[in-house]
$ cat data_28.txt   # compact mmCIF, C-alpha atoms and all ligand atoms
# COMPACT_ATOMS: atom_id res chain seq x y z
CA MET A 19 123.31 135.57 131.68
CA LYS A 20 124.97 134.65 128.43
CA ASN A 21 122.89 134.04 125.35
CA THR A 22 122.44 130.25 125.20
CA ASN A 23 121.56 128.51 121.95
CA ILE A 24 118.75 126.14 122.93
CA PHE A 25 118.58 124.55 119.48
CA LYS A 26 120.59 121.48 118.53
CA PRO A 27 122.70 122.72 115.60
CA TYR A 28 122.13 119.55 113.58
CA LEU A 29 118.33 119.84 113.97
CA MET A 30 118.43 123.49 112.95
CA LYS A 31 119.66 122.52 109.50
CA ALA A 32 117.38 119.49 109.14
CA PRO A 33 115.29 119.62 105.96
CA GLU A 34 111.56 119.00 106.21
CA TYR A 35 110.34 115.80 104.52
CA LEU A 36 107.51 116.52 102.15
CA GLY A 37 105.73 113.45 100.82
CA GLY A 38 103.96 113.46 97.46
CA LYS A 39 100.98 115.80 96.94
CA GLY A 40 97.39 114.66 97.52
CA THR A 41 94.77 114.78 94.73
CA ASN A 42 93.12 117.75 96.50
CA GLU A 43 96.26 119.83 95.90
CA VAL A 44 96.29 119.63 92.11
CA VAL A 45 94.13 120.72 89.16
CA THR A 46 93.70 119.13 85.74
CA LYS A 47 91.75 119.59 82.51
CA ALA A 48 91.23 115.81 82.31
CA ASN A 49 88.00 114.18 83.53
CA LYS A 50 89.74 112.11 86.14
CA ILE A 51 92.85 112.25 88.30
CA TYR A 52 95.09 109.18 88.46
CA LYS A 53 97.44 109.39 91.43
CA LEU A 54 100.50 107.50 90.28
CA SER A 55 102.93 109.52 92.37
CA SER A 56 103.21 107.80 95.77
CA ASN A 57 103.67 104.06 95.07
CA GLU A 58 100.28 103.27 96.58
CA ASN A 59 98.28 100.09 95.97
CA PRO A 60 96.09 100.46 92.84
CA LEU A 61 93.62 97.88 94.22
CA GLY A 62 92.97 99.81 97.44
CA ALA A 63 93.36 98.21 100.86
CA SER A 64 93.23 94.55 101.84
CA PRO A 65 89.50 93.77 102.39
CA LYS A 66 90.33 91.61 105.41
CA ALA A 67 92.24 94.53 106.93
CA THR A 68 89.39 96.92 106.19
CA GLN A 69 86.95 94.58 107.92
CA SER A 70 89.18 94.38 110.98
CA ILE A 71 89.35 98.19 111.14
CA VAL A 72 85.56 98.37 111.49
CA GLU A 73 85.77 95.93 114.40
CA SER A 74 88.70 97.70 116.09
CA ALA A 75 86.96 101.06 115.83
CA LYS A 76 84.31 99.85 118.29
CA ASN A 77 86.74 99.99 121.21
CA LEU A 78 88.75 103.14 120.73
CA HIS A 79 88.41 104.15 124.39
CA ILE A 80 90.46 101.10 125.48
CA TYR A 81 94.28 101.20 125.34
CA PRO A 82 95.71 98.80 122.78
CA ASP A 83 97.89 95.75 123.55
CA ARG A 84 100.86 96.60 125.77
CA THR A 85 103.23 95.09 123.19
CA GLY A 86 103.18 94.20 119.51
CA LEU A 87 103.42 90.51 120.36
CA ARG A 88 100.25 89.46 118.49
CA LEU A 89 101.61 91.02 115.30
CA GLN A 90 105.06 89.50 115.96
CA GLU A 91 103.44 86.06 116.19
CA ALA A 92 101.39 86.65 113.03
CA LEU A 93 104.60 87.69 111.24
CA ALA A 94 106.47 84.57 112.38
CA ASN A 95 103.58 82.53 111.02
CA PHE A 96 103.52 84.56 107.76
CA TYR A 97 107.24 83.82 107.29
CA ASP A 98 106.57 80.08 107.86
CA ASN A 99 108.50 80.24 111.13
CA GLU A 100 111.76 80.91 109.30
CA LEU A 101 112.11 83.64 111.93
CA SER A 102 110.76 83.59 115.47
CA ALA A 103 108.31 86.09 116.97
CA ASP A 104 111.05 87.69 119.07
CA GLN A 105 112.90 88.72 115.89
CA PHE A 106 110.17 91.15 114.80
CA VAL A 107 109.73 94.78 115.79
CA PRO A 108 106.29 96.14 114.83
CA THR A 109 106.26 99.91 114.30
CA ASN A 110 103.84 102.59 113.20
CA SER A 111 105.18 102.51 109.58
CA GLY A 112 108.35 101.59 107.75
CA SER A 113 109.44 105.20 108.24
CA GLU A 114 109.20 104.77 112.01
CA SER A 115 111.34 101.62 111.74
CA ILE A 116 114.03 103.75 110.09
CA GLU A 117 113.66 106.38 112.81
CA PHE A 118 114.02 103.75 115.56
CA ILE A 119 117.12 102.26 113.98
CA ALA A 120 118.76 105.67 113.57
CA ARG A 121 117.93 106.63 117.17
CA ALA A 122 119.12 103.28 118.52
CA PHE A 123 122.52 103.26 116.82
CA LEU A 124 123.51 106.83 115.88
CA SER A 125 124.70 109.81 117.92
CA GLU A 126 127.00 112.77 117.37
CA GLY A 127 130.39 111.45 116.27
CA HIS A 128 128.88 108.48 114.44
CA GLU A 129 128.64 108.01 110.70
CA CYS A 130 126.28 106.14 108.42
CA ILE A 131 126.43 105.36 104.73
CA VAL A 132 123.62 105.82 102.21
CA SER A 133 123.58 105.28 98.45
CA ASN A 134 121.56 107.92 96.66
CA PRO A 135 119.28 108.21 94.83
CA SER A 136 117.30 106.57 97.60
CA PHE A 137 114.56 107.13 100.19
CA MET A 138 115.37 110.46 101.86
CA PRO A 139 114.51 109.58 105.50
CA TYR A 140 117.74 107.55 105.88
CA THR A 141 119.66 110.81 105.58
CA MET A 142 117.12 112.91 107.48
CA PHE A 143 116.69 110.64 110.50
CA SER A 144 120.42 109.99 110.77
CA GLY A 145 120.90 113.77 110.80
CA TRP A 146 118.29 114.11 113.59
CA ASN A 147 120.65 112.10 115.78
CA GLY A 148 123.69 114.20 114.97
CA ALA A 149 125.35 111.57 112.79
CA LYS A 150 127.36 112.37 109.69
CA VAL A 151 125.90 110.89 106.50
CA ILE A 152 128.30 109.65 103.83
CA ASP A 153 126.77 109.23 100.38
CA ILE A 154 128.29 106.56 98.15
CA PRO A 155 126.03 107.10 95.12
CA LEU A 156 124.58 104.21 93.15
CA GLU A 157 126.66 103.84 89.99
CA LEU A 158 125.25 104.82 86.64
CA PRO A 159 124.28 103.75 84.02
CA ASN A 160 122.43 100.99 85.92
CA TYR A 161 122.26 102.49 89.43
CA GLU A 162 124.32 99.67 90.91
CA LEU A 163 125.42 99.50 94.54
CA ASN A 164 129.12 100.35 94.78
CA VAL A 165 130.15 97.76 97.36
CA ASP A 166 133.90 98.43 97.13
CA ALA A 167 133.44 102.16 97.71
CA ILE A 168 131.07 101.50 100.64
CA LEU A 169 133.57 99.15 102.28
CA ALA A 170 136.34 101.69 101.69
CA ALA A 171 134.25 104.43 103.36
CA ILE A 172 133.82 102.49 106.62
CA ASN A 173 135.83 103.75 109.60
CA GLU A 174 135.63 103.21 113.38
CA ASN A 175 132.75 105.72 113.65
CA THR A 176 130.55 104.00 111.07
CA ARG A 177 127.51 102.29 112.57
CA LEU A 178 124.87 101.85 109.84
CA ILE A 179 124.80 101.19 106.10
CA PHE A 180 121.40 101.77 104.50
CA ILE A 181 120.68 99.77 101.35
CA THR A 182 117.37 99.35 99.54
CA SER A 183 116.19 96.51 97.34
CA PRO A 184 114.06 97.11 95.31
CA ASN A 185 115.21 100.70 95.57
CA ASN A 186 113.02 103.80 95.59
CA PRO A 187 113.08 105.75 93.23
CA THR A 188 115.18 103.71 90.76
CA GLY A 189 113.24 100.40 90.97
CA THR A 190 116.57 98.59 90.70
CA TYR A 191 117.51 95.73 93.06
CA ILE A 192 120.74 94.49 94.61
CA PRO A 193 121.71 90.98 93.42
CA LYS A 194 122.39 88.51 96.22
CA GLU A 195 126.03 88.24 95.21
CA LYS A 196 126.56 91.94 95.97
CA ILE A 197 124.86 91.77 99.35
CA ASP A 198 127.01 88.72 100.16
CA ALA A 199 130.14 90.70 99.27
CA LEU A 200 129.00 93.62 101.45
CA MET A 201 128.21 91.37 104.41
CA ASP A 202 131.54 89.54 104.05
CA GLY A 203 133.40 92.85 104.10
CA ILE A 204 131.81 94.70 107.03
CA PRO A 205 133.49 94.85 110.44
CA GLU A 206 131.76 93.81 113.69
CA HIS A 207 130.68 97.35 114.69
CA VAL A 208 128.61 98.00 111.52
CA ILE A 209 124.99 97.02 110.88
CA VAL A 210 123.49 96.78 107.40
CA VAL A 211 119.91 98.03 107.17
CA LEU A 212 118.15 96.42 104.21
CA ASP A 213 114.97 98.27 103.30
CA GLU A 214 112.77 95.75 101.52
CA VAL A 215 109.36 97.44 101.61
CA TYR A 216 108.84 96.60 97.91
CA TYR A 217 110.05 92.99 98.15
CA HIS A 218 106.76 91.35 97.11
CA PHE A 219 107.04 92.89 93.64
CA ALA A 220 110.53 91.51 92.90
CA ASN A 221 110.82 88.46 90.66
CA ALA A 222 114.49 88.46 89.62
CA ALA A 223 116.13 85.07 90.18
CA ASP A 224 119.01 86.55 92.20
CA PHE A 225 116.87 88.85 94.36
CA THR A 226 117.09 88.26 98.11
CA THR A 227 115.47 89.60 101.25
CA ALA A 228 117.32 89.87 104.55
CA ILE A 229 116.04 86.50 105.78
CA PRO A 230 119.08 84.30 104.99
CA TYR A 231 121.44 86.83 106.60
CA VAL A 232 119.33 87.31 109.71
CA GLN A 233 118.90 83.55 110.03
CA ALA A 234 122.68 83.20 109.88
CA GLY A 235 122.96 85.68 112.76
CA LYS A 236 124.55 88.44 110.63
CA LYS A 237 124.28 92.08 111.68
CA MET A 238 121.39 93.03 109.44
CA ILE A 239 118.04 94.72 110.06
CA ALA A 240 115.21 94.51 107.50
CA ILE A 241 112.63 97.28 107.10
CA ASN A 242 109.12 96.46 105.94
CA SER A 243 105.82 98.26 105.55
CA PHE A 244 102.12 97.58 105.28
CA SER A 245 101.75 100.67 103.04
CA LYS A 246 102.50 98.99 99.71
CA THR A 247 101.36 95.41 99.02
CA TYR A 248 98.70 95.46 101.73
CA GLY A 249 97.38 98.88 100.74
CA LEU A 250 97.44 100.35 104.26
CA ALA A 251 99.46 103.53 103.65
CA ALA A 252 97.04 105.73 105.62
CA LEU A 253 97.23 103.56 108.75
CA ARG A 254 101.00 103.91 109.26
CA ILE A 255 101.97 100.38 110.18
CA GLY A 256 105.23 98.56 109.48
CA TYR A 257 107.88 96.38 111.04
CA ALA A 258 111.56 95.56 111.19
CA TYR A 259 113.17 92.18 111.77
CA SER A 260 116.66 91.22 112.84
CA THR A 261 118.53 88.93 115.22
CA PRO A 262 116.72 88.40 118.55
CA GLU A 263 119.35 90.57 120.28
CA ILE A 264 118.97 93.55 117.93
CA ALA A 265 115.17 93.21 117.79
CA GLN A 266 114.94 93.33 121.58
CA TYR A 267 117.25 96.35 121.66
CA LEU A 268 114.98 98.17 119.18
CA ARG A 269 111.80 97.28 121.08
CA ALA A 270 113.35 98.95 124.13
CA LEU A 271 112.57 102.25 122.37
CA TYR A 272 108.82 101.64 122.42
CA ARG A 273 106.67 104.46 123.76
CA PRO A 274 103.78 103.30 125.99
CA PHE A 275 101.26 101.37 123.89
CA LEU A 276 103.29 102.15 120.76
CA ILE A 277 101.28 100.28 118.16
CA ASN A 278 97.81 101.68 117.63
CA ILE A 279 95.11 99.00 117.83
CA ILE A 280 93.68 99.66 114.37
CA GLY A 281 97.08 99.21 112.75
CA LEU A 282 97.93 96.18 114.87
CA ASN A 283 94.73 94.29 114.04
CA ALA A 284 94.70 95.41 110.40
CA GLY A 285 98.31 94.27 109.99
CA ILE A 286 97.46 90.84 111.35
CA ALA A 287 94.40 90.60 109.08
CA ALA A 288 96.35 91.81 106.02
CA LEU A 289 99.00 89.11 106.48
CA SER A 290 96.29 86.47 106.19
CA ASP A 291 94.80 88.05 103.04
CA HIS A 292 96.74 85.94 100.54
CA GLU A 293 94.19 86.50 97.81
CA PHE A 294 94.68 90.27 98.00
CA ILE A 295 98.48 90.01 98.19
CA ASP A 296 98.55 87.74 95.11
CA ALA A 297 96.15 89.98 93.17
CA THR A 298 98.30 93.05 93.92
CA VAL A 299 101.57 91.38 93.00
CA ASP A 300 100.12 89.85 89.80
CA LEU A 301 98.73 93.20 88.68
CA VAL A 302 101.98 95.07 89.29
CA GLN A 303 104.22 92.45 87.71
CA LYS A 304 102.01 92.16 84.63
CA GLU A 305 101.27 95.87 84.16
CA ARG A 306 104.85 97.12 84.63
CA GLU A 307 105.87 95.17 81.50
CA ARG A 308 103.49 97.30 79.40
CA PHE A 309 105.50 100.46 80.02
CA TYR A 310 108.84 99.34 78.56
CA PRO A 311 107.83 99.02 74.86
CA VAL A 312 106.26 102.50 75.00
CA PHE A 313 109.38 103.99 76.63
CA ASP A 314 111.49 102.20 73.98
CA LYS A 315 109.32 103.58 71.19
CA LEU A 316 109.71 107.11 72.58
CA GLY A 317 113.46 106.63 72.96
CA LEU A 318 113.32 107.34 76.72
CA THR A 319 115.98 106.25 79.19
CA TYR A 320 114.40 104.16 81.96
CA TRP A 321 115.39 101.55 84.50
CA LYS A 322 113.68 98.14 84.55
CA SER A 323 111.91 97.90 87.85
CA GLN A 324 111.48 95.27 90.53
CA GLY A 325 109.12 97.57 92.43
CA ASN A 326 105.60 98.92 91.84
CA PHE A 327 106.95 101.99 90.01
CA ILE A 328 109.32 102.86 87.18
CA LEU A 329 111.88 105.66 86.95
CA PHE A 330 112.45 107.33 83.60
CA LYS A 331 114.46 110.29 82.41
CA SER A 332 112.43 113.18 81.11
CA PRO A 333 113.61 114.34 77.67
CA ILE A 334 112.33 117.82 78.53
CA ASP A 335 112.43 119.77 81.80
CA ALA A 336 111.05 117.20 84.32
CA PRO A 337 108.73 119.59 86.25
CA LYS A 338 107.29 120.69 82.90
CA LEU A 339 106.52 117.12 81.81
CA GLU A 340 105.14 116.37 85.29
CA GLN A 341 102.80 119.35 84.94
CA GLN A 342 101.76 118.46 81.38
CA LEU A 343 100.96 114.87 82.34
CA LEU A 344 98.74 116.21 85.10
CA GLU A 345 97.03 118.89 83.05
CA GLU A 346 96.50 116.93 79.86
CA ALA A 347 96.16 113.32 81.03
CA GLY A 348 95.16 113.74 84.69
CA VAL A 349 98.14 111.62 85.72
CA MET A 350 100.17 112.55 88.81
CA VAL A 351 103.80 111.37 88.71
CA ARG A 352 106.68 112.17 91.08
CA ASN A 353 109.70 114.27 90.24
CA ALA A 354 112.67 112.23 91.51
CA THR A 355 115.23 115.04 91.32
CA ASN A 356 115.15 115.53 95.12
CA PHE A 357 115.85 111.82 95.63
CA GLY A 358 119.09 112.33 93.68
CA ALA A 359 117.88 111.34 90.20
CA PRO A 360 118.14 114.61 88.23
CA ASN A 361 115.42 115.33 85.70
CA CYS A 362 113.83 111.91 86.25
CA LEU A 363 110.17 111.14 86.90
CA ARG A 364 108.80 108.16 88.83
CA ILE A 365 105.51 106.61 87.78
CA THR A 366 103.66 104.19 90.07
CA ILE A 367 102.13 101.14 88.38
CA GLY A 368 98.37 101.64 88.59
CA THR A 369 95.29 99.80 87.40
CA ALA A 370 95.18 98.99 83.67
CA ASP A 371 92.97 102.06 83.19
CA ALA A 372 95.34 104.42 84.95
CA ASN A 373 98.33 103.00 83.11
CA ASP A 374 96.48 103.44 79.80
CA ALA A 375 95.89 107.10 80.67
CA PHE A 376 99.60 107.58 81.35
CA LEU A 377 100.82 105.66 78.30
CA LYS A 378 98.42 107.49 76.01
CA GLY A 379 99.26 110.84 77.63
CA ILE A 380 103.02 110.49 77.38
CA GLN A 381 102.81 109.38 73.71
CA THR A 382 100.67 112.39 72.88
CA LEU A 383 103.04 114.74 74.69
CA LEU A 384 106.34 113.29 73.48
CA GLY A 385 105.48 111.20 70.42
C1 LIG A 401 112.15 102.57 100.26
C2 LIG A 401 111.10 102.94 101.23
N1 LIG A 401 111.26 102.62 102.51
C3 LIG A 401 110.33 102.93 103.44
C4 LIG A 401 109.17 103.56 103.08
C5 LIG A 401 108.24 103.92 104.19
O1 LIG A 401 106.99 103.41 104.08
P1 LIG A 401 105.91 103.73 105.22
O2 LIG A 401 106.45 104.73 106.12
O3 LIG A 401 104.71 104.20 104.47
O4 LIG A 401 105.68 102.41 105.89
C6 LIG A 401 108.95 103.95 101.77
C7 LIG A 401 107.75 104.68 101.37
O5 LIG A 401 107.57 105.15 100.30
C8 LIG A 401 109.95 103.62 100.81
O6 LIG A 401 109.82 103.95 99.52
$ encode --input "data_28.txt" --output "structure tokens"
Amino acid sequence: MKNTNIFKPYLMKAPEYLGGKGTNEVVTKANKIYKLSSNENPLGASPKATQSIVESAKNLHIYPDRTGLRLQEALANFYDNELSADQFVPTNSGSESIEFIARAFLSEGHECIVSNPSFMPYTMFSGWNGAKVIDIPLELPNYELNVDAILAAINENTRLIFITSPNNPTGTYIPKEKIDALMDGIPEHVIVVLDEVYYHFANAADFTTAIPYVQAGKKMIAINSFSKTYGLAALRIGYAYSTPEIAQYLRALYRPFLINIIGLNAGIAALSDHEFIDATVDLVQKERERFYPVFDKLGLTYWKSQGNFILFKSPIDAPKLEQQLLEEAGVMVRNATNFGAPNCLRITIGTADANDAFLKGIQTLLG
């Protein structure tokens, strides 16, 4: 019998996604470790969600809801019924939403467009389905979306365009005007995926979510997560929303009892925790302003952020500065080189204490 290759060639060359390190993987001379490397919530988890987890944990032997309908209804209510429950697709994390979308629309022979530096799973998960990934990089100096080049790169095989606002790792956002131009230019067979997992932190006047486009029936899918504003990163819960037709198509990919009961109930509870959402957003929006004058004083290049993190260029070798910040100040930051931002570091906005440790540390090291 001839030697058959049982491996899909495009999976053979798939890179492994490695998230940021945990605090147990690093050592420091400082008294305390501040993990400002994974865009987590500095205030912890929503207390209402935490309470619901205790309740849900009493019935772990029972299968969860057959569908995510209860969370879909809570989301419709959260969005003041601007969207209906059938437009939501609960998932076990924003990452899983991306995976579903890639699986639902991409196969061998298809193409998708990404704009790096950005969240790596768009490229990875598209590759898992055999699709070709075209990178139309964000344009420097301000990391702006290159709408004309994206439109020019579309052909009959293109199915998805991934855009992110606010974008990870740059913190930049896409003004509504640009998204309008993109949506006006795309042909019928292309869907725009707008990843808005950091949307709560944006306050620019011309920032937009996907809602107006989805309401107008445009081919757009939004990606959201409970990992950031709601502080539920460990639970792995998220959702997408789109037109009723696309949402139903995505829900057809559900495994049996897809949404775990702890995540489902915690997500519903977190949506009602307005006090916690407001406290998180206030902290991030206020604290992120404290970084800019220090970066200015040090003469660092950085990008003003609409997210809960800031990207800055390291004036020395980035891994070296990353290591020094950890060793001397106990602050973990993320090297963004792999995201496509060479020699840049990304710092998550933490509590005032954690931010002080970083700001003091970086001034000592570079001042
Ligand atoms: C832009 C972006 N999209 C999606 C996600 C996925 O979030 P999660 O899988 O934790 O819900 C992240 C996480 O860092 C992100 O930065």
$ closest_atom_pairs --input "data_28.txt" --of "chain A" --to "ligand LIG 401 (chain A)" --cutoff "10 Å" --atoms "all atoms listed in the file" --output "tab-separated table"
residue	atom	partner	partner_atom	distance
A:Gly37	CA	A:LIG401	O5	8.5
A:Gly38	CA	A:LIG401	O5	9.5
A:Ser56	CA	A:LIG401	O5	6.8
A:Asn57	CA	A:LIG401	O5	6.6
A:Glu58	CA	A:LIG401	O5	8.4
A:Thr109	CA	A:LIG401	O4	8.8
A:Asn110	CA	A:LIG401	O4	7.5
A:Ser111	CA	A:LIG401	O4	3.7
A:Gly112	CA	A:LIG401	O4	3.4
A:Ser113	CA	A:LIG401	O2	3.7
A:Glu114	CA	A:LIG401	O2	6.5
A:Ser115	CA	A:LIG401	O2	8.1
A:Ile116	CA	A:LIG401	C3	7.7
A:Glu117	CA	A:LIG401	O2	10.0
A:Ser136	CA	A:LIG401	C1	7.0
A:Phe137	CA	A:LIG401	C1	5.2
A:Met138	CA	A:LIG401	C2	8.7
A:Pro139	CA	A:LIG401	C3	8.1
A:Tyr140	CA	A:LIG401	N1	8.8
A:Ile181	CA	A:LIG401	C1	9.0
A:Thr182	CA	A:LIG401	C1	6.2
A:Ser183	CA	A:LIG401	C1	7.8
A:Pro184	CA	A:LIG401	C1	7.6
A:Asn185	CA	A:LIG401	C1	5.9
A:Asn186	CA	A:LIG401	C1	4.9
A:Pro187	CA	A:LIG401	O6	7.3
A:Gly189	CA	A:LIG401	C1	9.6
A:Leu212	CA	A:LIG401	N1	9.4
A:Asp213	CA	A:LIG401	N1	5.8
A:Glu214	CA	A:LIG401	C1	7.0
A:Val215	CA	A:LIG401	N1	5.6
A:Tyr216	CA	A:LIG401	C1	7.2
A:Ile241	CA	A:LIG401	C3	7.1
A:Asn242	CA	A:LIG401	O4	6.9
A:Ser243	CA	A:LIG401	O4	4.2
A:Phe244	CA	A:LIG401	O4	6.0
A:Ser245	CA	A:LIG401	O3	4.8
A:Lys246	CA	A:LIG401	O3	7.4
A:Gly249	CA	A:LIG401	O3	9.8
A:Leu250	CA	A:LIG401	O3	8.2
A:Ala251	CA	A:LIG401	O3	5.4
A:Ala252	CA	A:LIG401	O3	7.9
A:Leu253	CA	A:LIG401	O3	8.6
A:Arg254	CA	A:LIG401	O4	6.0
A:Ile255	CA	A:LIG401	O4	6.0
A:Gly256	CA	A:LIG401	O4	5.3
A:Tyr257	CA	A:LIG401	O4	8.2
A:Gly325	CA	A:LIG401	O6	9.6
$ write_last_selection --input "data_28.txt" --atoms "C-alpha atoms" --output "PDB file, in the coordinates of the input"
ATOM      1  CA  GLY A  37     105.730 113.450 100.820  1.00  0.00           C
ATOM      2  CA  GLY A  38     103.960 113.460  97.460  1.00  0.00           C
ATOM      3  CA  SER A  56     103.210 107.800  95.770  1.00  0.00           C
ATOM      4  CA  ASN A  57     103.670 104.060  95.070  1.00  0.00           C
ATOM      5  CA  GLU A  58     100.280 103.270  96.580  1.00  0.00           C
ATOM      6  CA  THR A 109     106.260  99.910 114.300  1.00  0.00           C
ATOM      7  CA  ASN A 110     103.840 102.590 113.200  1.00  0.00           C
ATOM      8  CA  SER A 111     105.180 102.510 109.580  1.00  0.00           C
ATOM      9  CA  GLY A 112     108.350 101.590 107.750  1.00  0.00           C
ATOM     10  CA  SER A 113     109.440 105.200 108.240  1.00  0.00           C
ATOM     11  CA  GLU A 114     109.200 104.770 112.010  1.00  0.00           C
ATOM     12  CA  SER A 115     111.340 101.620 111.740  1.00  0.00           C
ATOM     13  CA  ILE A 116     114.030 103.750 110.090  1.00  0.00           C
ATOM     14  CA  GLU A 117     113.660 106.380 112.810  1.00  0.00           C
ATOM     15  CA  SER A 136     117.300 106.570  97.600  1.00  0.00           C
ATOM     16  CA  PHE A 137     114.560 107.130 100.190  1.00  0.00           C
ATOM     17  CA  MET A 138     115.370 110.460 101.860  1.00  0.00           C
ATOM     18  CA  PRO A 139     114.510 109.580 105.500  1.00  0.00           C
ATOM     19  CA  TYR A 140     117.740 107.550 105.880  1.00  0.00           C
ATOM     20  CA  ILE A 181     120.680  99.770 101.350  1.00  0.00           C
ATOM     21  CA  THR A 182     117.370  99.350  99.540  1.00  0.00           C
ATOM     22  CA  SER A 183     116.190  96.510  97.340  1.00  0.00           C
ATOM     23  CA  PRO A 184     114.060  97.110  95.310  1.00  0.00           C
ATOM     24  CA  ASN A 185     115.210 100.700  95.570  1.00  0.00           C
ATOM     25  CA  ASN A 186     113.020 103.800  95.590  1.00  0.00           C
ATOM     26  CA  PRO A 187     113.080 105.750  93.230  1.00  0.00           C
ATOM     27  CA  GLY A 189     113.240 100.400  90.970  1.00  0.00           C
ATOM     28  CA  LEU A 212     118.150  96.420 104.210  1.00  0.00           C
ATOM     29  CA  ASP A 213     114.970  98.270 103.300  1.00  0.00           C
ATOM     30  CA  GLU A 214     112.770  95.750 101.520  1.00  0.00           C
ATOM     31  CA  VAL A 215     109.360  97.440 101.610  1.00  0.00           C
ATOM     32  CA  TYR A 216     108.840  96.600  97.910  1.00  0.00           C
ATOM     33  CA  ILE A 241     112.630  97.280 107.100  1.00  0.00           C
ATOM     34  CA  ASN A 242     109.120  96.460 105.940  1.00  0.00           C
ATOM     35  CA  SER A 243     105.820  98.260 105.550  1.00  0.00           C
ATOM     36  CA  PHE A 244     102.120  97.580 105.280  1.00  0.00           C
ATOM     37  CA  SER A 245     101.750 100.670 103.040  1.00  0.00           C
ATOM     38  CA  LYS A 246     102.500  98.990  99.710  1.00  0.00           C
ATOM     39  CA  GLY A 249      97.380  98.880 100.740  1.00  0.00           C
ATOM     40  CA  LEU A 250      97.440 100.350 104.260  1.00  0.00           C
ATOM     41  CA  ALA A 251      99.460 103.530 103.650  1.00  0.00           C
ATOM     42  CA  ALA A 252      97.040 105.730 105.620  1.00  0.00           C
ATOM     43  CA  LEU A 253      97.230 103.560 108.750  1.00  0.00           C
ATOM     44  CA  ARG A 254     101.000 103.910 109.260  1.00  0.00           C
ATOM     45  CA  ILE A 255     101.970 100.380 110.180  1.00  0.00           C
ATOM     46  CA  GLY A 256     105.230  98.560 109.480  1.00  0.00           C
ATOM     47  CA  TYR A 257     107.880  96.380 111.040  1.00  0.00           C
ATOM     48  CA  GLY A 325     109.120  97.570  92.430  1.00  0.00           C
TER      49      GLY A 325
END
$ residues_around --input "data_28.txt" --residues "Leu301 in chain A" --least-positions-apart "4" --cutoff "9 Å" --atoms "all atoms listed in the file" --output "PyMOL selection string"
chain A and resi 60-61+296-297+305-306+367-370
$ residues_around --input "data_28.txt" --residues "Thr382 in chain A" --least-positions-apart "2" --cutoff "12 Å" --atoms "all atoms listed in the file" --output "list in words"
Val312, Leu316, Leu339, Gln342, Leu343, Glu346, Ala347, Ala375, Phe376, Leu377, Lys378, Gly379, Ile380, Leu384 and Gly385 of chain A
$ write_last_selection --input "data_28.txt" --atoms "C-alpha atoms" --output "CSV table (one decimal), in the coordinates of the input"
chain,number,residue,atom,x,y,z
A,312,VAL,CA,106.3,102.5,75.0
A,316,LEU,CA,109.7,107.1,72.6
A,339,LEU,CA,106.5,117.1,81.8
A,342,GLN,CA,101.8,118.5,81.4
A,343,LEU,CA,101.0,114.9,82.3
A,346,GLU,CA,96.5,116.9,79.9
A,347,ALA,CA,96.2,113.3,81.0
A,375,ALA,CA,95.9,107.1,80.7
A,376,PHE,CA,99.6,107.6,81.4
A,377,LEU,CA,100.8,105.7,78.3
A,378,LYS,CA,98.4,107.5,76.0
A,379,GLY,CA,99.3,110.8,77.6
A,380,ILE,CA,103.0,110.5,77.4
A,384,LEU,CA,106.3,113.3,73.5
A,385,GLY,CA,105.5,111.2,70.4
$ residues_around --input "data_28.txt" --residues "range 221-227 of chain A" --least-positions-apart "5" --cutoff "7 Å" --atoms "all atoms listed in the file" --output "JSON list (two decimals) with C-alpha atoms, in the coordinates of the input"
[["chain", "number", "residue", "atom", "x", "y", "z"],
["A", 192, "ILE", "CA", 120.74, 94.49, 94.61],
["A", 193, "PRO", "CA", 121.71, 90.98, 93.42],
["A", 194, "LYS", "CA", 122.39, 88.51, 96.22],
["A", 214, "GLU", "CA", 112.77, 95.75, 101.52],
["A", 324, "GLN", "CA", 111.48, 95.27, 90.53]]
$ closest_residue --input "data_28.txt" --among "A:Phe219, A:Phe330, A:Tyr97, A:Phe180" --to "Phe313 in chain A" --atoms "all atoms listed in the file"
A:Phe330
$ build_atoms --input "data_28.txt" --residues "range 280-286 of chain A" --atoms "N, CA and C atoms" --output "PDB file, keeping the file's coordinate frame"
ATOM      1  N   ILE A 280      94.238  99.838 115.714  1.00  0.00           N
ATOM      2  CA  ILE A 280      93.680  99.660 114.370  1.00  0.00           C
ATOM      3  C   ILE A 280      94.774  99.113 113.445  1.00  0.00           C
ATOM      4  N   GLY A 281      95.955  99.684 113.553  1.00  0.00           N
ATOM      5  CA  GLY A 281      97.080  99.210 112.750  1.00  0.00           C
ATOM      6  C   GLY A 281      97.486  97.787 113.112  1.00  0.00           C
ATOM      7  N   LEU A 282      97.517  97.511 114.397  1.00  0.00           N
ATOM      8  CA  LEU A 282      97.930  96.180 114.870  1.00  0.00           C
ATOM      9  C   LEU A 282      96.992  95.099 114.311  1.00  0.00           C
ATOM     10  N   ASN A 283      95.691  95.304 114.498  1.00  0.00           N
ATOM     11  CA  ASN A 283      94.730  94.290 114.040  1.00  0.00           C
ATOM     12  C   ASN A 283      94.665  94.229 112.516  1.00  0.00           C
ATOM     13  N   ALA A 284      94.757  95.391 111.870  1.00  0.00           N
ATOM     14  CA  ALA A 284      94.700  95.410 110.400  1.00  0.00           C
ATOM     15  C   ALA A 284      95.934  94.727 109.815  1.00  0.00           C
ATOM     16  N   GLY A 285      97.078  94.928 110.453  1.00  0.00           N
ATOM     17  CA  GLY A 285      98.310  94.270 109.990  1.00  0.00           C
ATOM     18  C   GLY A 285      98.167  92.757 110.063  1.00  0.00           C
ATOM     19  N   ILE A 286      97.640  92.286 111.176  1.00  0.00           N
ATOM     20  CA  ILE A 286      97.460  90.840 111.350  1.00  0.00           C
ATOM     21  C   ILE A 286      96.490  90.304 110.288  1.00  0.00           C
TER      22      ILE A 286
END
